[in-house]
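Student: The file below is start05.txt, compact mmCIF, C-alpha atoms and all ligand atoms:
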```txt
# COMPACT_ATOMS: atom_id res chain seq x y z
CA MET B 1 0.00 0.00 0.00
CA GLY B 2 2.83 2.34 0.96
CA MET B 3 4.51 1.37 -2.32
CA ASP B 4 1.35 2.29 -4.29
CA THR B 5 1.30 5.71 -2.67
CA THR B 6 4.95 6.27 -3.63
CA ASN B 7 4.25 5.14 -7.19
CA SER B 8 1.29 7.44 -7.63
CA SER B 9 3.01 10.43 -6.06
CA ASP B 10 6.07 9.88 -8.30
CA ALA B 11 3.75 9.61 -11.32
CA ALA B 12 1.96 12.83 -10.32
CA LEU B 13 5.28 14.64 -9.75
CA TRP B 14 6.56 13.42 -13.14
CA ALA B 15 3.40 14.66 -14.93
CA ALA B 16 3.50 18.03 -13.16
CA THR B 17 7.24 18.41 -13.84
CA LEU B 18 6.74 17.70 -17.54
CA VAL B 19 4.16 20.51 -17.73
CA ARG B 20 6.48 22.89 -15.86
CA VAL B 21 9.45 22.18 -18.12
CA ARG B 22 7.33 22.62 -21.26
CA ASN B 23 6.05 25.98 -19.95
CA GLU B 24 9.54 27.15 -19.01
CA LEU B 25 10.86 26.17 -22.45
CA VAL B 26 8.25 28.42 -24.10
CA GLU B 27 9.53 31.37 -22.03
CA LEU B 28 13.22 30.66 -22.68
CA SER B 29 15.27 33.13 -24.75
CA THR B 30 16.49 31.93 -28.15
CA ALA B 31 20.11 32.18 -26.96
CA ASP B 32 19.43 29.96 -23.93
CA ARG B 33 17.47 27.50 -26.01
CA ASP B 34 20.25 27.30 -28.61
CA TRP B 35 22.85 26.77 -25.89
CA LEU B 36 20.82 23.95 -24.32
CA THR B 37 20.20 22.36 -27.72
CA ALA B 38 23.95 22.36 -28.41
CA GLN B 39 24.74 20.80 -25.00
CA VAL B 40 22.10 18.11 -25.35
CA SER B 41 23.33 17.28 -28.83
CA ARG B 42 26.95 17.04 -27.62
CA ILE B 43 25.84 14.80 -24.73
CA GLY B 44 23.97 12.59 -27.22
CA ALA B 45 27.06 12.29 -29.43
CA LEU B 46 29.33 11.39 -26.48
CA GLN B 47 26.81 8.82 -25.25
CA ALA B 48 26.61 7.27 -28.71
CA GLU B 49 30.42 6.85 -28.58
CA LEU B 50 30.17 5.11 -25.19
CA ASP B 51 27.43 2.90 -26.60
CA ARG B 52 29.68 1.97 -29.53
CA LEU B 53 32.38 0.79 -27.11
CA PHE B 54 29.73 -1.14 -25.13
CA ARG B 55 28.58 -2.84 -28.36
CA ASP B 56 32.14 -3.60 -29.45
CA ALA B 57 32.59 -5.38 -26.10
CA GLY B 58 29.57 -7.61 -26.82
CA GLY B 59 27.32 -5.68 -24.42
CA PRO B 60 23.94 -6.33 -26.12
CA ALA B 61 24.22 -10.13 -25.92
CA ILE B 62 25.42 -10.04 -22.32
CA CYS B 63 22.58 -7.64 -21.37
CA ALA B 64 19.94 -9.72 -23.18
CA ALA B 65 20.92 -12.75 -21.10
CA CYS B 66 20.64 -10.75 -17.87
CA LEU B 67 17.99 -8.09 -18.64
CA GLY B 68 18.12 -5.41 -16.05
CA GLY B 69 20.32 -6.89 -13.34
CA CYS B 70 21.98 -3.47 -13.06
CA CYS B 71 18.78 -1.40 -13.47
CA GLY B 72 17.14 -2.22 -10.14
CA GLY B 73 16.44 0.62 -7.77
CA ALA B 74 17.12 3.27 -10.42
CA ARG B 75 13.92 5.19 -9.82
CA HIS B 76 15.56 8.59 -10.01
CA HIS B 77 18.34 8.38 -12.58
CA VAL B 78 16.59 10.35 -15.35
CA THR B 79 17.74 13.97 -15.25
CA LEU B 80 16.26 17.16 -16.66
CA THR B 81 18.99 17.05 -19.33
CA ASN B 82 17.70 13.67 -20.54
CA LEU B 83 14.14 14.99 -20.67
CA LEU B 84 15.32 18.02 -22.66
CA GLY B 85 16.69 15.63 -25.29
CA TYR B 86 13.07 14.84 -26.10
CA LEU B 87 11.39 18.19 -25.51
CA LEU B 88 13.89 20.33 -27.46
CA ALA B 89 13.41 17.96 -30.41
CA GLY B 90 9.61 18.32 -30.10
CA GLU B 91 9.24 14.66 -29.07
CA GLU B 92 7.43 12.90 -26.23
CA PRO B 93 9.52 10.99 -23.67
CA PRO B 94 8.33 7.41 -22.99
CA ALA B 95 5.83 7.44 -20.13
CA PRO B 96 7.55 6.09 -17.00
CA ASP B 97 5.99 3.18 -15.09
CA PHE B 98 6.81 3.71 -11.43
CA SER B 99 5.69 0.21 -10.46
CA LEU B 100 8.84 -1.20 -12.17
CA ILE B 101 12.32 -1.50 -10.63
CA CYS B 102 13.28 1.32 -13.00
CA PRO B 103 10.43 3.36 -14.51
CA GLN B 104 12.09 3.12 -17.96
CA LEU B 105 12.87 -0.60 -18.01
CA GLY B 106 10.84 -2.22 -20.81
CA VAL B 107 10.48 -5.94 -21.56
CA GLN B 108 13.44 -5.77 -23.95
CA GLY B 109 15.63 -3.54 -21.85
CA CYS B 110 15.92 0.23 -21.44
CA ARG B 111 13.30 2.15 -23.42
CA LEU B 112 15.55 5.20 -23.67
CA PRO B 113 17.93 5.30 -26.65
CA ALA B 114 21.61 5.44 -25.69
CA GLU B 115 21.81 9.16 -26.61
CA ARG B 116 19.10 10.01 -24.07
CA ARG B 117 19.89 7.52 -21.32
CA PRO B 118 20.81 8.87 -17.87
CA PHE B 119 24.48 9.56 -17.15
CA ASN B 120 24.64 7.01 -14.31
CA CYS B 121 23.30 4.32 -16.66
CA ILE B 122 25.40 4.99 -19.76
CA ILE B 123 28.70 5.08 -17.86
CA PHE B 124 28.01 1.82 -16.00
CA LEU B 125 29.65 -1.36 -17.25
CA CYS B 126 29.12 -4.55 -15.27
CA ASP B 127 32.20 -6.71 -14.58
CA ARG B 128 31.38 -9.11 -17.42
CA ILE B 129 31.29 -6.35 -20.05
CA ASP B 130 34.14 -4.40 -18.52
CA GLY B 131 36.28 -7.53 -18.77
CA GLN B 132 35.77 -7.59 -22.55
CA LEU B 133 37.26 -4.11 -23.14
CA THR B 134 40.83 -3.87 -24.37
CA GLY B 135 43.16 -1.52 -22.49
CA GLU B 136 42.83 0.98 -25.33
CA GLN B 137 39.04 0.83 -25.26
CA ARG B 138 39.06 1.31 -21.47
CA ILE B 139 41.19 4.46 -21.84
CA ALA B 140 38.86 5.76 -24.56
CA PHE B 141 35.82 5.01 -22.40
CA ASP B 142 37.26 6.89 -19.41
CA GLY B 143 38.14 9.92 -21.55
CA ILE B 144 34.64 10.15 -23.05
CA GLU B 145 33.08 9.63 -19.61
CA ALA B 146 35.06 12.61 -18.23
CA GLU B 147 33.93 14.85 -21.12
CA LEU B 148 30.37 13.69 -20.65
CA ARG B 149 30.42 14.42 -16.92
CA ASN B 150 31.63 17.97 -17.66
CA ALA B 151 28.84 18.50 -20.18
CA TYR B 152 26.17 17.39 -17.68
CA HIS B 153 27.72 19.64 -15.03
CA ALA B 154 27.68 22.59 -17.44
CA VAL B 155 23.92 22.15 -17.92
CA ALA B 156 23.39 21.71 -14.16
CA GLU B 157 25.25 24.96 -13.48
CA ARG B 158 22.89 26.85 -15.75
CA CYS B 159 19.67 25.01 -14.89
CA ARG B 160 19.17 24.18 -11.24
CA GLY B 161 16.72 21.39 -12.08
CA ALA B 162 19.41 19.48 -13.99
CA SER B 163 21.16 17.96 -10.98
CA LEU B 164 22.72 14.56 -11.63
CA ARG B 165 20.76 13.27 -8.64
CA GLY B 166 17.74 13.07 -10.92
CA LEU B 167 14.82 15.17 -12.13
CA LEU B 168 12.20 14.15 -9.57
CA ILE B 169 14.52 14.74 -6.63
CA ALA B 170 15.40 18.19 -8.06
CA ALA B 171 11.74 19.03 -8.72
CA ALA B 172 10.70 18.03 -5.19
CA ARG B 173 13.56 20.09 -3.72
CA LEU B 174 12.91 23.21 -5.81
CA GLY B 175 9.17 23.47 -5.13
CA ASP B 176 7.76 26.25 -7.32
CA ARG B 177 11.15 27.70 -8.31
CA PRO B 178 12.07 27.45 -12.02
CA LEU B 179 13.94 24.33 -13.14
CA LEU B 180 15.62 25.91 -16.15
CA ALA B 181 17.06 28.96 -14.37
CA ARG B 182 20.40 29.27 -12.57
S1 LIG J 1 17.01 4.35 -17.32
FE1 LIG J 1 17.32 2.56 -18.62
S2 LIG J 1 19.47 1.91 -18.31
FE2 LIG J 1 18.91 3.32 -16.64
S3 LIG J 1 18.29 2.01 -14.95
FE3 LIG J 1 16.43 2.57 -16.11
S4 LIG J 1 16.13 0.93 -17.61
FE4 LIG J 1 18.23 0.76 -16.83
```
Could you spell out this file's structure in C-alpha cells?
Ligand code: SF4
Tutor:
Amino acid sequence: MGMDTTNSSDAALWAATLVRVRNELVELSTADRDWLTAQVSRIGALQAELDRLFRDAGGPAICAACLGGCCGGARHHVTLTNLLGYLLAGEEPPAPDFSLICPQLGVQGCRLPAERRPFNCIIFLCDRIDGQLTGEQRIAFDGIEAELRNAYHAVAERCRGASLRGLLIAAARLGDRPLLAR
C-alpha cells in the first residue's frame, strides 16, 4: 500500500514536472534555447560513442541474457537534461511506469535510446562487459566519460533542475522555483 502511494506520487510529480518544463521552455530566450540544444546534442554524441564501445565489447548479448540486473532501484536516474533531449526535439519521452524496478525498463531492456539515457546508466559497465574491453578501449571510455560528466555539469550549473541526482529529486527540492534557471 505504501509502495502504491509512492508510485502514484512519483507519477503525479513526473506529470506536473513535464508541464512545468514545457512551460519554461516556451519562455526561454532563443540564446538559452540554442545553448541547451547544443549541450544536449553534444551529450547525445558522447553517449553514442560510449554505446559503440559497449557494443564492441559484446554488451547487447550479455545484457539480453541478464535483462536489467543493473537497473534495479534506479527510480531517479533520469535527469532534466535527458528529458530536454526529447522536448527540445519536439518529441514525447516514454511514459515512466513507477511500479517497475526502474520506470524506464521495458520488456526488452531500457526504453531510452543510448543518446538520451541517464548519465549514471550509460557510464556503467558490469564486470562481465568491462572484462571484454581492451586496455585501449578502457582508456577511450574513461576519456569520453570525463567529457560527458563535464557536459552534464555545465547544464546543471545553468539550470538548477538538472542535478545529476535526478529530475524528480530536483523538482521536489525546488518546489515552485524554475527548473531551467540558474
Ligand atoms: S534508465 Fe534505462 S538503463 Fe537506466 S536504470 Fe532505467 S532501464 Fe536501466
Student: Which residues come within 8 Å of stretch 63-78 of chain B, counting only C-alpha atoms, excluding same-chain residues fewer than 2 positions away, as a ChimeraX atom specification?
Tutor: /B:59-61,80,82-83,98,101-103,105,108-109,117-121,126,164-169
Student: Let's have the selection written as a JSON list (two decimals), in the frame of the given file, with C-alpha atoms.
Tutor:
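Listed below is the output, selection_19.json:
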```json
[["chain", "number", "residue", "atom", "x", "y", "z"],
["B", 59, "GLY", "CA", 27.32, -5.68, -24.42],
["B", 60, "PRO", "CA", 23.94, -6.33, -26.12],
["B", 61, "ALA", "CA", 24.22, -10.13, -25.92],
["B", 80, "LEU", "CA", 16.26, 17.16, -16.66],
["B", 82, "ASN", "CA", 17.70, 13.67, -20.54],
["B", 83, "LEU", "CA", 14.14, 14.99, -20.67],
["B", 98, "PHE", "CA", 6.81, 3.71, -11.43],
["B", 101, "ILE", "CA", 12.32, -1.50, -10.63],
["B", 102, "CYS", "CA", 13.28, 1.32, -13.00],
["B", 103, "PRO", "CA", 10.43, 3.36, -14.51],
["B", 105, "LEU", "CA", 12.87, -0.60, -18.01],
["B", 108, "GLN", "CA", 13.44, -5.77, -23.95],
["B", 109, "GLY", "CA", 15.63, -3.54, -21.85],
["B", 117, "ARG", "CA", 19.89, 7.52, -21.32],
["B", 118, "PRO", "CA", 20.81, 8.87, -17.87],
["B", 119, "PHE", "CA", 24.48, 9.56, -17.15],
["B", 120, "ASN", "CA", 24.64, 7.01, -14.31],
["B", 121, "CYS", "CA", 23.30, 4.32, -16.66],
["B", 126, "CYS", "CA", 29.12, -4.55, -15.27],
["B", 164, "LEU", "CA", 22.72, 14.56, -11.63],
["B", 165, "ARG", "CA", 20.76, 13.27, -8.64],
["B", 166, "GLY", "CA", 17.74, 13.07, -10.92],
["B", 167, "LEU", "CA", 14.82, 15.17, -12.13],
["B", 168, "LEU", "CA", 12.20, 14.15, -9.57],
["B", 169, "ILE", "CA", 14.52, 14.74, -6.63]]
```
Student: Restricting the calculation to only C-alpha atoms, which member of B:Thr5, B:Gln137, B:Thr30, B:Asn23 is positioned closest to B:Leu87?
Tutor: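 Closest residue, counting only C-alpha atoms: B:Asn23.
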Student: Quick one: pull the distance between atom CA of B:Asp32 and atom CA of B:Gly143, Å, one decimal.
Tutor: 27.5 Å
Student: Might you pull out every residue within 12 Å of B:Val19, with all atoms listed in the file counted and same-chain residues fewer than 6 positions away left off, and present them as a list in words?
Tutor: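 The filter keeps Ala12, Leu13, Leu25, Val26, Leu83, Leu87, Glu92, Ala171, Pro178 and Leu179 of chain B.
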Student: Looking at only C-alpha atoms and all ligand atoms, which of B:Ala11, B:Val21, B:Val40, B:Ala114 is the one that sits closest to ligand LIG 1 (chain J)?
Tutor: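 For ligand LIG 1 (chain J), the nearest of the candidates is B:Ala114.
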Student: Produce the centre coordinates and the three edge lengths, each in Å to one decimal, of the box along x, y and z that contains all listed atoms of ligand LIG 1 (chain J) with 6 Å added on each side, as JSON.
Tutor:
```
{"center_x": 17.8, "center_y": 2.6, "center_z": -16.8, "size_x": 15.3, "size_y": 15.6, "size_z": 15.7}
```
Student: Go ahead and compute the interatomic distance for atom CA of B:Arg111 and atom CA of B:Glu27, in Å to one decimal.
Tutor: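 Going from atom CA of B:Arg111 over to atom CA of B:Glu27, I get 29.5 Å.
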Student: Record the distance separating atom CA of B:Glu115 and atom CA of B:Ala45, expressed in Å with one decimal.
Tutor: 6.7 Å
Student: Choose the residue, out of B:Glu157, B:Asp127, B:Asp51, B:Glu91, that has the smallest atom-to-atom separation from ligand LIG 1 (chain J); count all atoms listed in the file.
Tutor: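 Residue with the minimum atom-to-atom distance to ligand LIG 1 (chain J): B:Asp51.
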Student: From the set B:Leu148, B:Leu100, B:Ala181, B:Val155, which residue has the shortest atom-to-atom contact distance to ligand LIG 1 (chain J), counting all atoms listed in the file?
Tutor: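 Checking each of B:Leu148, B:Leu100, B:Ala181, B:Val155 against ligand LIG 1 (chain J), counting all atoms listed in the file, the winner is B:Leu100.
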Student: Using all atoms listed in the file, pick whichever of B:Ile123, B:Ile62, B:Cys110, B:Leu53 has the shortest atom-to-atom distance to ligand LIG 1 (chain J).
Tutor: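 Among B:Ile123, B:Ile62, B:Cys110, B:Leu53, it is B:Cys110 that comes nearest to ligand LIG 1 (chain J).
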Student: Which of these residues is nearest to B:Arg116, using only C-alpha atoms: B:Ile43, B:Ala89, B:Leu50, B:Leu133?
Tutor: B:Ile43
